[in-house]
Each structure stands twice: as C-alpha cells, then as structure tokens.
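Notes follow once the structure below has been shown.
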Amino acid sequence: MGLWSSAVTASMRVASNARRITRPRSARHHSVLAQPRPVPSQTPTSAKTDPYVLLAPHLEQMRTSLLTLLGSSHPSLNAIAQYYFLHPSKQLRPLLVLLFARATNGLGAEFSQVNWAADNARAHQQELDAPLTRKDILCDWNPSMPDHTASFESAFELRIPPAQPPPYTPQPPPLHQTHSQALTHTLLPTQLRLAQIVEMIHVASLLHDDVLDKSPLRRGAPSAPAAFGNKLAVLGGDFLLGRASAALSRLGSHEVVELIASVIANLVEGEILQMKGSGTEAAPHPSSSATSAIDLKDIHTSPSPSSSDKWSIYLKKTYLKTASLMAKGARAAVVLGGCREGEVWKEVAYAYGRNLGIAFQLIDDTLDFSSSTAQLGKPGFADLRLGLATGPALYAAEEFPELEAMIERRFGKDGDVERALTLISSSNGVERTRELARVHAEKAREVLTLLPRSEARDALEALTEGVVKRRW
C-alpha cells in the first residue's frame with residue numbers, strides 16, 4: 001500500500017504544481033516507487049522498438065475476432081456497433097494491455113497457476129470463445145436458438161437439460177511451489193480478451209461522447225450520430241457496454257471485474273464534471289412527476305470554481321475520462337498475469353497508465369488548437385465551441401486575464417470563441433500544456449525502470465515519447 005501511495009502522491013504533486021510550469025526545462029528524475037531497485041538501462045540500440053510493429057499480429061487478430069463478439073440479429077445494431085471499429089484508430093488502450101502483459105508475464109507469484117490454466121483448462125478457453133449469448137436463454141437473438149426458446153406463441157415451458165459428463169479437471173501445480181521470476185514474453189488468452197474489452201468500452205464512450213458533443217466527424221469520417229442518428233448511437237454504445245460486461249465476467253478474476261467496472265463509472269463521473277466545470281453542484285431536487293428530466297442548465301449555471309481549483313478539476317476530469325481506462329486496463333492485464341497483492345508490478349502498470357493517459361489527453365487538447373481538421377479526423381477548436389476550457393485556455397488566462405470572464409460564461413457570448421482563439425494563439429498556453437504533458441510522460445517512463453529489460457518495456461518507453469510528439 002505504501003508503494004502505491006507514494007506513486008499517487010507524486011502524481012498529485014505534479015498536478016498541484018501544473019500552474020507553475022512556465023517554459024520547457026530539464027526535469028530532475030526521482031523514482032515514484034521505492035522497491036525493487038530500478039533495473040539499470042543498458043546501452044540503447046540503434047533503433048527503438050516500435051510498439052505497433054512488435055504486436056501487429058496480435059492487434060490484427062484482436063480486431064478481427066472482436067467483430068464476432070458484436071453480432072446481433074438486428075442489422076442496424078450490427079452496423080452501429082461495428083462502425084468505429086471499421087475505421088483506422090490508434091488502438092492505444094489495447095496496446096497498453098498487451099504490452100504490459102508481455103512486459104510482466106512470468107514475474108507474478110501466481111503466474112505458474114494462470115499459465116497452467118491457459119495450457120490445460122480447455123473448458124475455460126472454450127468458455128472465453130463461446131458466443132456471448134446462450135442458445136437456451138433468450139438474452140439476445142442467437143441464430144442457433146431452438147424454437148421453443150425463441151417462440152412467443154405459447155407460455156414458456158421448462159425443459160430438463162440432458163445429463164452432462166463431468167468436466168476434465170487436471171491437477172494444477174502446487175501453490176507452495178517456489179516461483180522463479182523470469183519473463184516468458186507470452187500473452188494469455190484472458191489478456192487478449194481484456195484488450196478487446198477495453199477497446200469496446202472506449203468505443204462505447206466515443207459513441208456517447210459524439211452525441212453529447214454533437215460532433216459531425218470522428219476518425220476522418222461522419223460520426224455515428226451523423227450517420228445513424230442520436231438514438232441509434234446511444235443504443236449502440238449501450239450494446240457495446242453490455243457485450244463488454246458479459247465478456248468481462250468470463251475472465252475469472254473478481255479484481256479485474258471491479259477494476260474495469262469502475263472505469264465505466266469513471267467515464268460518467270468525468271462527463272458530468274466536464275459539463276459542470278465544478279465539483280460542488282447540489283443534487284437535483286426530486287420531482288413528483290415521473291416524466292420530469294434533469295435540467296442541464298442547472299449544472300452549467302451553478303457557481304463556478306475559483307481560479308486555484310480549475311487546474312485540479314481539469315486534471316481530475318482528464319483522469320476520469322481518459323487516463324482511468326488506460327491505468328486500470330494496464331493494471332488488470334498484470335493481475336491476469338498472476339500478480340499478487342503487494343507485488344509492485346501492477347502498481348507500475350497503474351502509475352504508467354495514469355501518467356501516460358493524462359499526457360495523451362493534454363496533447364489532444366493542444367492539437368485542438370494546432371492541427372487541422374484533416375489531421376485530427378474531427379473538427380478543430382471543438383472544445384471552445386462546446387464551452388470547455390482546457391489546458392491551453394487555462395494557461396493563456398494567466399497571461400490574458402480577460403479570458404477568465406469568457407471561461408466563466410463558457411465562451412457563450414457572441415465573439416467569445418474568436419477572441420479566445422486570438423488570445424490563446426498569442427500566449428504560451430499550447431507550449432506550456434505540452435510541457436505539462438512531457439512531465440507526465442517522463443513520470444510514466446521513469447516507473448518502467450522497475451521492470452526487467454525486454455522488447456515490451458522498450459516499446460512502452462517509446463510510447464512515452466510518441467504520445468508527446470504526435471500531431472494527430
């Protein structure tokens with residue numbers, strides 16, 4: 001617990017000092033975790049490990065088999081559920097899951113047990129790959145469903161299932177067996193499925209976000225709401241979350257289920273925090289009318305946070321909406337690899353994912369001001385038009401105080417967006433936000449020194465640089 005606390009404390013210290021960053025500078029490196037001792041870096045090779053090249057076959061297999069998890073008897077639901085998966089994407093979240101699996105498999109004290117299960121528990125493998133809808137239970141329209149289950153022509157009758165032979169259960173290795181820490185450079189079936197689950201949750205959040213943000217473009221093509229309408233986009237996101245939950249339940253780890261389920265709650269909390277811009281709104285009063293709806297204007301017009309709180313709220317929202325899935329997905333991958341409570345490997349995964357996720361979103365917020373719509377694959381200056389003050393605007397407000405009033409009214413007056421763009425482009429806001437992203441990326445790179453040297457670790461190091469330097 002102490003190691004985890006020190007990592008979180010260091011991250012919070014970076015957040016609280018965000019407003020002090022004024023220009024690029026060389027950072028002093030202090031490890032955020034104390035034990036075990038960092039692995040000294042060896043002489044770097046002439047070429048860096050490309051994470052996408054390293055895992056290209058697995059990513060392609062994951063993408064292909066993922067589409068089979070999304071099948072439905074409803075053509076419209078099929079189309080909307082698969083829509084974003086058919087367009088090019090960074091696949092960063094599943095990439096992190098698979099890289100941390102390769103970087104830590106063999107280090108956890110219980111790896112021999114989970115590896116044995118992958119090699120010998122054929123029934124569990126069949127369960128992982130089985131359709132997510134049982135043919136004898138009407139939870140969806142399964143093509144192989146028997147008529148008596150699918151029909152509504154009469155009342156449903158109980159049918160006694162035929163006797164099944166007892167499952168084959170080979171003996172696992174003894175728990176007291178001494179574990180020798182050594183990387184295996186392999187991936188377990190449960191970790192591959194986890195990579196698909198985190199991508200499904202991410203795409204579900206995109207479907208919902210594009211409805212809330214009224215975005216016309218996503219990944220260089222019409223957004224799902226633009227192509228299918230808001231109702232189908234929302235329902236498609238809900239469908240993906242349902243399929244992800246069913247797949248998640250089969251992974252066999254209560255800890256992983258709790259981690260990933262909490263991500264879904266984080267996404268909702270982050271969206272509400274973004275809509276509000278403050279963490280102090282009062283709960284809506286209950287109404288006697290069953291058809292009454294929450295008035296979102298109440299959220300937008302409640303008291304705004306003080307200037308000193310805006311950075312904390314912004315970074316908290318960034319964690320909830322973006323970094324949480326990366327951090328908890330990476331941690332879950334290490335848990336599935338047999339890491340016990342108290343072992344540092346899953347703490348490394350969480351600290352890395354948290355910092356890399358925040359760095360990723362900070363860069364995303366700068367690209368809104370510095371890249372074209374064609375480069376981004378979505379409209380530029382979208383945040384300002386939605387009334388959102390991201391890092392570049394918050395930093396620019398320190399140089400041009402007139403921005404404060406615009407931020408308070410969410411750029412709602414005529415000419416606010418245009419004037420804000422002029423002020424932000426005249427400030428150091430974009431570069432200072434990039435510097436804050438570099439601080440978080442450097443923290444992510446730093447914790448990797450606790451892992452043994454491997455291609456996967458090198459690829460994770462390369463990601464910390466690539467995330468900051470990207471222009472799309």
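If you're wondering about the labels, chains in the structure tokens are A, B, ... by order shown, residues count from 1 in each chain, ligands from 1 in order shown.
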
Which neighbours of region 389-392 of chain A fall inside 7 Å, counting only C-alpha atoms, when residues of the same chain fewer than 4 positions from it are skipped, and could you give them as a compact mmCIF listing (two decimals) with C-alpha atoms, in the first residue's frame?
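Below is the file that was written, around_10.txt:
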```txt
# COMPACT_ATOMS: atom_id res chain seq x y z
CA LEU A 362 -3.08 17.04 -22.65
CA ASP A 365 -6.12 19.31 -26.04
CA THR A 366 -3.21 21.16 -27.68
CA LEU A 384 -14.01 26.15 -27.14
CA ALA A 396 -3.49 31.64 -21.57
CA ILE A 407 -14.23 30.87 -19.23
CA ILE A 424 -4.63 31.67 -26.87
CA GLY A 429 -0.64 28.22 -23.47
CA VAL A 430 -0.15 25.49 -26.06
CA THR A 433 0.42 22.42 -21.92
```

Compare A:Gly329, A:Gly380, A:Pro225, A:Gly338 by their minimum atom-to-atom distance to Arg354 (chain A), counting only C-alpha atoms, and give me the closest one.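 Among A:Gly329, A:Gly380, A:Pro225, A:Gly338, it is A:Gly329 that comes nearest to Arg354 (chain A).
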
Minimum-distance residue to Asn266 (chain A), chosen among A:Gly229, A:Trp311, A:Leu320, A:Ser223 (using only C-alpha atoms):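 Smallest separation from Asn266 (chain A) among the options: A:Leu320.
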
Gap from CA of Ala333 (chain A) to CA of Arg63 (chain A) - Å, one decimal: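 We find that CA of Ala333 (chain A) and CA of Arg63 (chain A) lie 17.8 Å from each other.
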
Any chance you could tabulate, as JSON lines, the residues of region 394-454 of chain A at most 9 Å from region 342-352 of chain A with each one's nearest atom pair and distance in Å to one decimal, using only C-alpha atoms, in chain and rising number order?
```
{"residue": "A:Ala441", "atom": "CA", "partner": "A:Tyr352", "partner_atom": "CA", "distance": 8.4}
{"residue": "A:Lys443", "atom": "CA", "partner": "A:Tyr352", "partner_atom": "CA", "distance": 7.4}
{"residue": "A:Ala444", "atom": "CA", "partner": "A:Tyr352", "partner_atom": "CA", "distance": 4.3}
{"residue": "A:Arg445", "atom": "CA", "partner": "A:Tyr352", "partner_atom": "CA", "distance": 7.2}
{"residue": "A:Glu446", "atom": "CA", "partner": "A:Tyr352", "partner_atom": "CA", "distance": 8.5}
{"residue": "A:Val447", "atom": "CA", "partner": "A:Val348", "partner_atom": "CA", "distance": 6.0}
{"residue": "A:Leu448", "atom": "CA", "partner": "A:Val348", "partner_atom": "CA", "distance": 7.0}
{"residue": "A:Leu450", "atom": "CA", "partner": "A:Val348", "partner_atom": "CA", "distance": 7.6}
{"residue": "A:Leu451", "atom": "CA", "partner": "A:Trp345", "partner_atom": "CA", "distance": 7.6}
```

N, CA, C and O atoms of the current selection, written as a CSV table (one decimal), in the first residue's frame:
```csv
chain,number,residue,atom,x,y,z
A,441,ALA,N,4.6,12.3,-19.1
A,441,ALA,CA,5.1,11.2,-19.9
A,441,ALA,C,6.5,10.8,-19.3
A,441,ALA,O,6.8,9.6,-19.3
A,443,LYS,N,7.3,10.9,-16.1
A,443,LYS,CA,7.0,10.1,-14.9
A,443,LYS,C,6.6,8.6,-15.3
A,443,LYS,O,6.9,7.7,-14.7
A,444,ALA,N,5.8,8.5,-16.4
A,444,ALA,CA,5.5,7.2,-16.9
A,444,ALA,C,6.7,6.4,-17.3
A,444,ALA,O,6.8,5.2,-17.0
A,445,ARG,N,7.6,7.1,-18.0
A,445,ARG,CA,8.8,6.4,-18.5
A,445,ARG,C,9.7,6.0,-17.3
A,445,ARG,O,10.3,4.9,-17.2
A,446,GLU,N,9.7,6.8,-16.2
A,446,GLU,CA,10.5,6.6,-15.1
A,446,GLU,C,10.2,5.3,-14.3
A,446,GLU,O,11.0,4.6,-13.9
A,447,VAL,N,8.9,5.1,-14.2
A,447,VAL,CA,8.5,3.9,-13.4
A,447,VAL,C,8.8,2.6,-14.1
A,447,VAL,O,8.9,1.5,-13.5
A,448,LEU,N,9.0,2.6,-15.4
A,448,LEU,CA,9.4,1.4,-16.2
A,448,LEU,C,10.7,0.9,-15.8
A,448,LEU,O,11.0,-0.3,-16.1
A,450,LEU,N,11.6,-0.1,-13.1
A,450,LEU,CA,11.4,-1.2,-12.1
A,450,LEU,C,11.2,-2.5,-12.8
A,450,LEU,O,11.2,-3.6,-12.2
A,451,LEU,N,10.9,-2.5,-14.1
A,451,LEU,CA,10.7,-3.8,-14.9
A,451,LEU,C,12.0,-4.3,-15.5
A,451,LEU,O,12.9,-3.5,-15.8
```

Residue contacts of Pro222 (chain A) (12 Å, only C-alpha atoms) excluding same-chain residues fewer than 5 positions away, as an MDAnalysis selection string: chainID A and resid 83:84 87 207 210 214:217 227:229 377:379

Expected file: the selected residues, C-alpha atoms, as a PDB file, in the first residue's frame:
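Saved to out20.pdb:
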```pdb
ATOM      1  CA  TYR A  83     -18.976   1.306 -37.244  1.00  0.00           C
ATOM      2  CA  TYR A  84     -16.000   2.810 -35.389  1.00  0.00           C
ATOM      3  CA  HIS A  87     -12.190   2.921 -39.294  1.00  0.00           C
ATOM      4  CA  LEU A 207     -20.477   6.846 -29.359  1.00  0.00           C
ATOM      5  CA  ASP A 210     -20.291  12.232 -30.072  1.00  0.00           C
ATOM      6  CA  LYS A 214     -22.865  16.943 -31.438  1.00  0.00           C
ATOM      7  CA  SER A 215     -19.686  16.058 -33.303  1.00  0.00           C
ATOM      8  CA  PRO A 216     -20.084  15.682 -37.093  1.00  0.00           C
ATOM      9  CA  LEU A 217     -16.775  13.836 -37.626  1.00  0.00           C
ATOM     10  CA  ALA A 227     -24.502   8.597 -39.909  1.00  0.00           C
ATOM     11  CA  PHE A 228     -27.173   6.811 -37.849  1.00  0.00           C
ATOM     12  CA  GLY A 229     -28.812   9.429 -35.627  1.00  0.00           C
ATOM     13  CA  GLY A 377     -10.119  13.493 -38.222  1.00  0.00           C
ATOM     14  CA  LYS A 378     -12.579  15.653 -36.255  1.00  0.00           C
ATOM     15  CA  PRO A 379     -13.419  19.381 -36.147  1.00  0.00           C
TER      16      PRO A 379
END
```

From the list A:Leu98, A:Val334, A:Val417, A:Leu59, which residue is nearest Glu110 (chain A) when using only C-alpha atoms?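 Of A:Leu98, A:Val334, A:Val417, A:Leu59, the one nearest Glu110 (chain A) is A:Val334, counting only C-alpha atoms.
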
Of the candidates A:Leu212, A:Ala397, A:Ile313, A:Ile201, which one gets nearest to Val263 (chain A) if we count only C-alpha atoms? A:Ile201

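Nearest to Ala233 (chain A) of all the residues A:Ile80, A:Ile272, A:Leu69, A:Ala420 is A:Ile80, counting only C-alpha atoms.
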
Do you have the CA of Phe381 (chain A)-CA of Ala265 (chain A) distance handy? 27.6 Å

Can you pull out the residues contacting Phe111 (chain A)? Cut-off 8 Å, using only C-alpha atoms, and skip same-chain residues under 4 positions away; I want them as a JSON list (two decimals) with all heavy atoms, in the first residue's frame.
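That gives us result04.json:
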```json
[["chain", "number", "residue", "atom", "x", "y", "z"],
["A", 105, "ASN", "N", 4.50, -10.87, -17.69],
["A", 105, "ASN", "CA", 4.15, -12.29, -17.56],
["A", 105, "ASN", "C", 5.38, -13.10, -17.16],
["A", 105, "ASN", "O", 6.40, -13.08, -17.85],
["A", 105, "ASN", "CB", 3.57, -12.83, -18.87],
["A", 105, "ASN", "CG", 2.10, -12.52, -19.00],
["A", 105, "ASN", "OD1", 1.48, -11.98, -18.10],
["A", 105, "ASN", "ND2", 1.52, -12.88, -20.15],
["A", 106, "GLY", "N", 5.25, -13.81, -16.06],
["A", 106, "GLY", "CA", 6.36, -14.57, -15.51],
["A", 106, "GLY", "C", 6.92, -13.96, -14.24],
["A", 106, "GLY", "O", 7.66, -14.62, -13.50],
["A", 107, "LEU", "N", 6.58, -12.70, -13.95],
["A", 107, "LEU", "CA", 7.10, -12.03, -12.75],
["A", 107, "LEU", "C", 6.20, -12.25, -11.54],
["A", 107, "LEU", "O", 6.69, -12.32, -10.41],
["A", 107, "LEU", "CB", 7.24, -10.53, -13.01],
["A", 107, "LEU", "CG", 8.15, -10.10, -14.18],
["A", 107, "LEU", "CD1", 8.19, -8.58, -14.29],
["A", 107, "LEU", "CD2", 9.56, -10.66, -13.99],
["A", 115, "ASN", "N", -0.78, -19.61, -15.97],
["A", 115, "ASN", "CA", -0.24, -20.17, -17.20],
["A", 115, "ASN", "C", -0.68, -21.62, -17.37],
["A", 115, "ASN", "O", -1.01, -22.06, -18.48],
["A", 115, "ASN", "CB", 1.29, -20.08, -17.19],
["A", 115, "ASN", "CG", 1.89, -20.42, -18.53],
["A", 115, "ASN", "OD1", 1.47, -19.91, -19.57],
["A", 115, "ASN", "ND2", 2.88, -21.30, -18.54],
["A", 337, "GLY", "N", -2.02, -11.79, -15.20],
["A", 337, "GLY", "CA", -0.75, -12.50, -15.34],
["A", 337, "GLY", "C", -0.24, -13.10, -14.04],
["A", 337, "GLY", "O", 0.91, -13.57, -14.00],
["A", 338, "GLY", "N", -1.07, -13.07, -12.98],
["A", 338, "GLY", "CA", -0.69, -13.75, -11.75],
["A", 338, "GLY", "C", -0.01, -12.88, -10.71],
["A", 338, "GLY", "O", 0.63, -13.41, -9.79],
["A", 339, "CYS", "N", -0.14, -11.58, -10.82],
["A", 339, "CYS", "CA", 0.46, -10.69, -9.82],
["A", 339, "CYS", "C", -0.38, -10.66, -8.56],
["A", 339, "CYS", "O", -1.58, -10.43, -8.60],
["A", 339, "CYS", "CB", 0.58, -9.28, -10.40],
["A", 339, "CYS", "SG", 1.33, -8.08, -9.29]]
```

To test your reading of the structure, identify every residue in region 188-425 of chain A that backbone DSSP assigns to alpha helix (DSSP H), and report it as a ChimeraX atom specification. /A:189-212,224-228,230-249,254-276,296-301,307-318,324-336,345-370,373-376,382-385,391-399,402-408,416-425
